[in-house]
Amino acid sequence: MTKKHPSIWIRLIQTIYFFWMALAFSSGLLLFFIPMVIPLMIHEVKGGAISFFFIRTWARWFSLWSGIWFKVLYKSRAKEQPVAIFVCNHGSFLDTPALARAIPGQFRPLGKIEMTRYPVFGMLYKHVVVMVDRSSTESRKASILQLKRFLNQWVSVVIFPEGKMNRGKEYLTPFYDGAFRIAIDTQTCIVPMVISGAKELMPRDVPFTAKPGVVKVAFCEPVPPEHPAFAEVASLKAEVYQRMETMLRQISS
């Protein structure tokens, strides 16, 4: 049986909607840019509490005007942790507002330096994200030290262990070791979390198309340093992978 493709009229509507969604995304950034960035420039941690209030306000603005809603499941599991390494799958640009809507408190994600080239968003990105150039050994080492510094200041971090966006149909691609080495080195609790539905609403294989709908964000049971999996990187990585894949299957069905 051949797969049916959307008609030209549906594709046109999805393209128009894509640009409306991009307008909602960028207009919110412009509207809240100053209160999001200035506090971080004054003090990266104390100012972060103010900045992240407005980052969440921007995410709500985007949701309201775009028609993309974020349903957060098992949020109490994240609230239980004063500081954590949030490990999340990555499949869409919609993951950015999803993280802002879901994670309580301020956090710092690890992200690619290439994202700074986007106007406005790139300027905010420089102040919020721990940037890494994966082609540079020195950059990778510096980003790990910076993540550890934030953890020592009781600021949670977010790491996408797949390393890049998952463009395939599988739930998860293989994980890199970095997040799990940092967790073991700092003895910090890992909170696995998953995002489902974002790739379907904004498919990467069909450029400039999108549609409204619901993105689900779910937190798995935390993996504390006392867990036997913390004995080594391989076991911790396998434990987190299994929890995330199980949760993705559960909320995607």
# chains A, B, ... in the order shown; residues from 1 in each chain; ligands from 1
$ residues_around --residues "Gly122 of chain A" --least-positions-apart "6" --cutoff "12 Å" --atoms "only C-alpha atoms" --output "list in words"
Ser26, Leu29, Leu30, Phe33, Val37, Gly111, Lys112, Ile113, Glu114, Met115, Thr116, Val128, Val129 and Met131 of chain A
$ write_last_selection --atoms "N, CA and C atoms" --output "short mmCIF file (atom, residue, chain, number, x, y, z; two decimals), in the first residue's frame"
data_model
loop_
_atom_site.label_atom_id
_atom_site.label_comp_id
_atom_site.auth_asym_id
_atom_site.auth_seq_id
_atom_site.Cartn_x
_atom_site.Cartn_y
_atom_site.Cartn_z
N SER A 26 9.02 34.49 16.92
CA SER A 26 9.95 35.62 16.88
C SER A 26 9.38 36.88 17.53
N LEU A 29 9.86 36.68 21.18
CA LEU A 29 11.26 36.92 21.53
C LEU A 29 11.57 38.41 21.55
N LEU A 30 11.06 39.14 20.55
CA LEU A 30 11.28 40.58 20.50
C LEU A 30 10.59 41.28 21.66
N PHE A 33 12.48 40.25 24.95
CA PHE A 33 13.93 40.10 24.84
C PHE A 33 14.68 40.81 25.97
N VAL A 37 17.11 38.91 28.78
CA VAL A 37 18.57 38.96 28.64
C VAL A 37 19.26 39.82 29.69
N GLY A 111 24.15 23.31 24.09
CA GLY A 111 23.69 23.44 22.71
C GLY A 111 24.81 23.76 21.74
N LYS A 112 24.53 23.57 20.47
CA LYS A 112 25.53 23.78 19.41
C LYS A 112 25.76 25.27 19.18
N ILE A 113 27.01 25.62 18.97
CA ILE A 113 27.38 27.02 18.74
C ILE A 113 26.78 27.55 17.43
N GLU A 114 26.44 26.66 16.51
CA GLU A 114 25.89 27.09 15.21
C GLU A 114 24.56 27.82 15.36
N MET A 115 23.84 27.58 16.46
CA MET A 115 22.53 28.20 16.64
C MET A 115 22.61 29.71 16.86
N THR A 116 23.79 30.22 17.15
CA THR A 116 23.93 31.66 17.39
C THR A 116 23.75 32.49 16.12
N VAL A 128 21.86 32.12 27.54
CA VAL A 128 21.16 31.06 28.28
C VAL A 128 21.84 29.71 28.13
N VAL A 129 22.39 29.45 26.96
CA VAL A 129 22.88 28.12 26.62
C VAL A 129 24.39 27.99 26.87
N MET A 131 27.35 26.76 25.27
CA MET A 131 27.60 26.44 23.86
C MET A 131 28.81 25.53 23.70
#
$ closest_atom_pairs --of "segment 120-187 of chain A" --to "segment 42-46 of chain A" --cutoff "12 Å" --atoms "only C-alpha atoms" --output "CSV"
residue,atom,partner,partner_atom,distance
A:Lys126,CA,A:Glu44,CA,11.8
A:His127,CA,A:Glu44,CA,8.2
A:Val128,CA,A:Glu44,CA,8.7
A:Val129,CA,A:Glu44,CA,11.2
A:Val130,CA,A:Glu44,CA,11.8
A:Arg149,CA,A:Val45,CA,11.0
A:Phe150,CA,A:Val45,CA,8.4
A:Leu151,CA,A:Val45,CA,11.0
A:Asn152,CA,A:Val45,CA,11.3
A:Gln153,CA,A:Val45,CA,7.8
A:Trp154,CA,A:Val45,CA,9.0
A:Val155,CA,A:Val45,CA,7.6
A:Ser156,CA,A:Val45,CA,10.9
$ closest_residue --among "A:Arg140, A:Arg77, A:Arg249, A:Lys71" --to "Pro192 of chain A" --atoms "only C-alpha atoms"
A:Arg77
$ residues_around --residues "Ala102 of chain A" --least-positions-apart "4" --cutoff "8 Å" --atoms "only C-alpha atoms" --output "list in words"
Val72, Lys75, Ala98 and Val217 of chain A
$ write_last_selection --atoms "C-alpha atoms" --output "CSV table (one decimal), in the first residue's frame"
chain,number,residue,atom,x,y,z
A,72,VAL,CA,3.4,18.2,30.9
A,75,LYS,CA,6.1,17.2,36.7
A,98,ALA,CA,8.6,22.6,25.5
A,217,VAL,CA,6.5,16.3,27.7
$ select_by_dssp --residues "segment 119-241 of chain A" --states "strand (DSSP E or B)" --output "ChimeraX atom specification"
/A:130-132,156-159,190-196,213-219,223
$ residues_around --residues "Val223 of chain A" --least-positions-apart "3" --cutoff "10 Å" --atoms "only C-alpha atoms" --output "CSV table (one decimal) with C-alpha atoms, in the first residue's frame"
chain,number,residue,atom,x,y,z
A,84,ALA,CA,19.4,17.9,38.4
A,85,ILE,CA,20.8,16.9,35.1
A,183,ALA,CA,26.4,12.9,36.5
A,188,THR,CA,24.1,14.7,40.5
A,189,CYS,CA,20.7,13.1,40.1
A,190,ILE,CA,19.6,12.5,36.5
A,191,VAL,CA,16.0,13.2,35.6
A,192,PRO,CA,15.2,11.6,32.2
A,220,CYS,CA,10.6,9.6,34.0
A,226,GLU,CA,22.5,6.0,45.1
A,227,HIS,CA,21.1,3.9,42.2
A,228,PRO,CA,23.3,0.9,41.3
A,229,ALA,CA,23.5,2.2,37.7
A,230,PHE,CA,25.7,5.0,38.9
A,236,LEU,CA,23.9,4.5,33.8
A,239,GLU,CA,19.3,2.6,32.5
A,240,VAL,CA,18.3,6.1,31.3
A,243,ARG,CA,13.4,4.6,30.9
$ residues_around --residues "Phe53 of chain A" --least-positions-apart "6" --cutoff "9 Å" --atoms "only C-alpha atoms" --output "list in words"
Met36, Gly105 and Gln106 of chain A
$ closest_atom_pairs --of "segment 30-141 of chain A" --to "segment 206-215 of chain A" --cutoff "6 Å" --atoms "only C-alpha atoms" --output "JSON lines"
{"residue": "A:Gly67", "atom": "CA", "partner": "A:Pro212", "partner_atom": "CA", "distance": 5.2}
{"residue": "A:Ile68", "atom": "CA", "partner": "A:Pro212", "partner_atom": "CA", "distance": 5.0}
{"residue": "A:Trp69", "atom": "CA", "partner": "A:Val214", "partner_atom": "CA", "distance": 4.8}
{"residue": "A:Phe70", "atom": "CA", "partner": "A:Val215", "partner_atom": "CA", "distance": 4.9}
$ closest_residue --among "A:Val87, A:Ile103, A:Ile182, A:Met21" --to "Ser63 of chain A" --atoms "only C-alpha atoms"
A:Met21
$ closest_residue --among "A:Gly91, A:Ala59, A:Val233, A:Leu40" --to "Met123 of chain A" --atoms "only C-alpha atoms"
A:Leu40
$ closest_residue --among "A:Ala198, A:Leu110, A:Leu145, A:Ala78" --to "Thr186 of chain A" --atoms "only C-alpha atoms"
A:Leu145
$ residues_around --residues "segment 160-173 of chain A" --least-positions-apart "4" --cutoff "9 Å" --atoms "only C-alpha atoms" --output "number ranges by chain"
A: 86-93, 109-112, 177-180, 199, 203-205, 241, 244-245, 248-249
$ write_last_selection --atoms "C-alpha atoms" --output "JSON list (two decimals), in the first residue's frame"
[["chain", "number", "residue", "atom", "x", "y", "z"],
["A", 86, "PHE", "CA", 17.77, 16.70, 32.78],
["A", 87, "VAL", "CA", 18.42, 14.27, 29.93],
["A", 88, "CYS", "CA", 16.01, 14.68, 27.01],
["A", 89, "ASN", "CA", 15.44, 13.44, 23.47],
["A", 90, "HIS", "CA", 15.66, 16.02, 20.67],
["A", 91, "GLY", "CA", 13.63, 16.00, 17.49],
["A", 92, "SER", "CA", 12.38, 19.50, 16.71],
["A", 93, "PHE", "CA", 12.85, 23.24, 17.19],
["A", 109, "PRO", "CA", 21.00, 23.55, 28.24],
["A", 110, "LEU", "CA", 24.03, 22.35, 26.33],
["A", 111, "GLY", "CA", 23.69, 23.44, 22.71],
["A", 112, "LYS", "CA", 25.53, 23.78, 19.41],
["A", 177, "ASP", "CA", 28.59, 9.37, 27.22],
["A", 178, "GLY", "CA", 28.96, 13.03, 28.26],
["A", 179, "ALA", "CA", 25.84, 13.52, 30.36],
["A", 180, "PHE", "CA", 26.47, 10.35, 32.29],
["A", 199, "LYS", "CA", 8.47, 16.06, 15.09],
["A", 203, "PRO", "CA", 8.45, 17.60, 10.26],
["A", 204, "ARG", "CA", 12.06, 18.10, 9.19],
["A", 205, "ASP", "CA", 11.65, 16.07, 5.99],
["A", 241, "TYR", "CA", 17.91, 4.96, 27.72],
["A", 244, "MET", "CA", 13.16, 7.15, 28.17],
["A", 245, "GLU", "CA", 12.29, 4.62, 25.47],
["A", 248, "LEU", "CA", 8.12, 7.46, 24.77],
["A", 249, "ARG", "CA", 6.28, 4.29, 23.82]]
$ atom_distance --atom1 "atom CA of Ile34 of chain A" --atom2 "atom CA of Ile159 of chain A"
26.0 Å
$ closest_residue --among "A:Leu124, A:Met202, A:Leu94, A:Ile50" --to "Phe25 of chain A" --atoms "only C-alpha atoms"
A:Leu94
$ closest_residue --among "A:Glu200, A:Leu73, A:Pro104, A:Thr137" --to "Gln250 of chain A" --atoms "only C-alpha atoms"
A:Leu73
$ select_by_dssp --residues "segment 152-208 of chain A" --states "alpha helix (DSSP H)" --output "PDB file with C-alpha atoms, in the first residue's frame"
ATOM      1  CA  ASN A 152      27.913  23.618  41.764  1.00  0.00           C
ATOM      2  CA  GLY A 178      28.959  13.030  28.257  1.00  0.00           C
ATOM      3  CA  ALA A 179      25.836  13.522  30.356  1.00  0.00           C
ATOM      4  CA  PHE A 180      26.466  10.346  32.294  1.00  0.00           C
ATOM      5  CA  ARG A 181      30.133  11.093  32.971  1.00  0.00           C
ATOM      6  CA  ILE A 182      29.150  14.487  34.365  1.00  0.00           C
ATOM      7  CA  ALA A 183      26.439  12.910  36.538  1.00  0.00           C
ATOM      8  CA  ILE A 184      28.895  10.399  37.999  1.00  0.00           C
ATOM      9  CA  ASP A 185      31.675  12.974  38.451  1.00  0.00           C
ATOM     10  CA  THR A 186      29.386  15.432  40.264  1.00  0.00           C
ATOM     11  CA  ALA A 198       6.988  17.785  18.161  1.00  0.00           C
ATOM     12  CA  LYS A 199       8.467  16.058  15.094  1.00  0.00           C
ATOM     13  CA  GLU A 200       4.989  15.298  13.767  1.00  0.00           C
ATOM     14  CA  LEU A 201       3.823  18.914  14.099  1.00  0.00           C
TER      15      LEU A 201
END
$ decode --residues "segment 24-69 of chain A" --atoms "N, CA and C atoms" --output "short mmCIF file (atom, residue, chain, number, x, y, z; two decimals), in the first residue's frame"
data_model
loop_
_atom_site.label_atom_id
_atom_site.label_comp_id
_atom_site.auth_asym_id
_atom_site.auth_seq_id
_atom_site.Cartn_x
_atom_site.Cartn_y
_atom_site.Cartn_z
N ALA A 24 4.84 34.05 15.53
CA ALA A 24 4.52 33.96 16.96
C ALA A 24 5.78 33.73 17.78
N PHE A 25 6.67 32.89 17.26
CA PHE A 25 7.93 32.57 17.94
C PHE A 25 8.81 33.82 18.05
N SER A 26 9.02 34.49 16.92
CA SER A 26 9.95 35.62 16.88
C SER A 26 9.38 36.88 17.53
N SER A 27 8.08 37.13 17.38
CA SER A 27 7.48 38.32 17.97
C SER A 27 7.54 38.26 19.49
N GLY A 28 7.35 37.05 20.05
CA GLY A 28 7.47 36.89 21.50
C GLY A 28 8.89 37.14 21.97
N LEU A 29 9.86 36.68 21.18
CA LEU A 29 11.26 36.92 21.53
C LEU A 29 11.57 38.41 21.55
N LEU A 30 11.06 39.14 20.55
CA LEU A 30 11.28 40.58 20.50
C LEU A 30 10.59 41.28 21.66
N LEU A 31 9.38 40.86 21.98
CA LEU A 31 8.60 41.51 23.02
C LEU A 31 9.25 41.34 24.40
N PHE A 32 9.77 40.14 24.67
CA PHE A 32 10.31 39.85 26.00
C PHE A 32 11.84 39.80 26.03
N PHE A 33 12.48 40.25 24.95
CA PHE A 33 13.93 40.10 24.84
C PHE A 33 14.68 40.81 25.97
N ILE A 34 14.34 42.04 26.25
CA ILE A 34 15.09 42.81 27.25
C ILE A 34 14.98 42.17 28.64
N PRO A 35 13.78 41.86 29.16
CA PRO A 35 13.73 41.23 30.50
C PRO A 35 14.28 39.80 30.52
N MET A 36 14.40 39.16 29.35
CA MET A 36 15.00 37.83 29.33
C MET A 36 16.52 37.90 29.40
N VAL A 37 17.11 38.91 28.78
CA VAL A 37 18.57 38.96 28.64
C VAL A 37 19.26 39.82 29.69
N ILE A 38 18.72 41.01 29.98
CA ILE A 38 19.41 41.94 30.87
C ILE A 38 19.71 41.34 32.24
N PRO A 39 18.76 40.67 32.91
CA PRO A 39 19.09 40.09 34.22
C PRO A 39 20.25 39.10 34.15
N LEU A 40 20.35 38.32 33.09
CA LEU A 40 21.45 37.38 32.93
C LEU A 40 22.78 38.09 32.73
N MET A 41 22.75 39.24 32.10
CA MET A 41 23.96 40.01 31.90
C MET A 41 24.46 40.62 33.21
N ILE A 42 23.52 40.91 34.12
CA ILE A 42 23.89 41.48 35.42
C ILE A 42 24.45 40.41 36.35
N HIS A 43 23.76 39.25 36.41
CA HIS A 43 24.25 38.14 37.25
C HIS A 43 23.71 36.84 36.67
N GLU A 44 24.59 35.93 36.29
CA GLU A 44 24.17 34.74 35.54
C GLU A 44 23.29 33.80 36.33
N VAL A 45 23.37 33.84 37.68
CA VAL A 45 22.54 32.95 38.49
C VAL A 45 21.37 33.69 39.13
N LYS A 46 21.66 34.75 39.88
CA LYS A 46 20.58 35.51 40.52
C LYS A 46 19.67 36.14 39.46
N GLY A 47 20.27 36.63 38.39
CA GLY A 47 19.46 37.19 37.32
C GLY A 47 18.69 36.14 36.56
N GLY A 48 19.19 34.90 36.61
CA GLY A 48 18.53 33.82 35.89
C GLY A 48 17.11 33.57 36.35
N ALA A 49 16.86 33.77 37.64
CA ALA A 49 15.50 33.55 38.17
C ALA A 49 14.51 34.50 37.51
N ILE A 50 14.93 35.75 37.29
CA ILE A 50 14.07 36.73 36.63
C ILE A 50 13.94 36.40 35.15
N SER A 51 15.07 36.11 34.53
CA SER A 51 15.07 35.82 33.10
C SER A 51 14.18 34.64 32.76
N PHE A 52 14.24 33.60 33.57
CA PHE A 52 13.46 32.40 33.24
C PHE A 52 11.97 32.60 33.48
N PHE A 53 11.59 33.55 34.31
CA PHE A 53 10.17 33.90 34.42
C PHE A 53 9.68 34.41 33.07
N PHE A 54 10.48 35.27 32.44
CA PHE A 54 10.07 35.84 31.15
C PHE A 54 10.27 34.85 30.01
N ILE A 55 11.22 33.94 30.13
CA ILE A 55 11.36 32.89 29.12
C ILE A 55 10.12 32.01 29.11
N ARG A 56 9.59 31.71 30.30
CA ARG A 56 8.35 30.92 30.37
C ARG A 56 7.16 31.72 29.87
N THR A 57 7.19 33.02 30.13
CA THR A 57 6.13 33.88 29.61
C THR A 57 6.15 33.88 28.08
N TRP A 58 7.36 33.94 27.51
CA TRP A 58 7.48 33.84 26.05
C TRP A 58 6.94 32.51 25.55
N ALA A 59 7.24 31.41 26.23
CA ALA A 59 6.76 30.09 25.80
C ALA A 59 5.24 30.03 25.84
N ARG A 60 4.63 30.64 26.86
CA ARG A 60 3.16 30.69 26.92
C ARG A 60 2.60 31.55 25.79
N TRP A 61 3.28 32.68 25.52
CA TRP A 61 2.87 33.54 24.39
C TRP A 61 2.89 32.75 23.09
N PHE A 62 3.97 32.05 22.86
CA PHE A 62 4.09 31.25 21.64
C PHE A 62 2.98 30.22 21.54
N SER A 63 2.71 29.54 22.64
CA SER A 63 1.66 28.52 22.66
C SER A 63 0.29 29.12 22.34
N LEU A 64 0.00 30.26 22.96
CA LEU A 64 -1.30 30.90 22.77
C LEU A 64 -1.52 31.31 21.32
N TRP A 65 -0.50 31.92 20.69
CA TRP A 65 -0.67 32.45 19.35
C TRP A 65 -0.43 31.42 18.24
N SER A 66 0.30 30.37 18.55
CA SER A 66 0.59 29.37 17.52
C SER A 66 -0.42 28.23 17.48
N GLY A 67 -1.12 28.01 18.60
CA GLY A 67 -2.03 26.87 18.66
C GLY A 67 -1.33 25.56 18.94
N ILE A 68 -0.07 25.64 19.38
CA ILE A 68 0.67 24.44 19.79
C ILE A 68 0.68 24.40 21.32
N TRP A 69 0.08 23.38 21.87
CA TRP A 69 -0.08 23.28 23.32
C TRP A 69 0.87 22.23 23.88
#
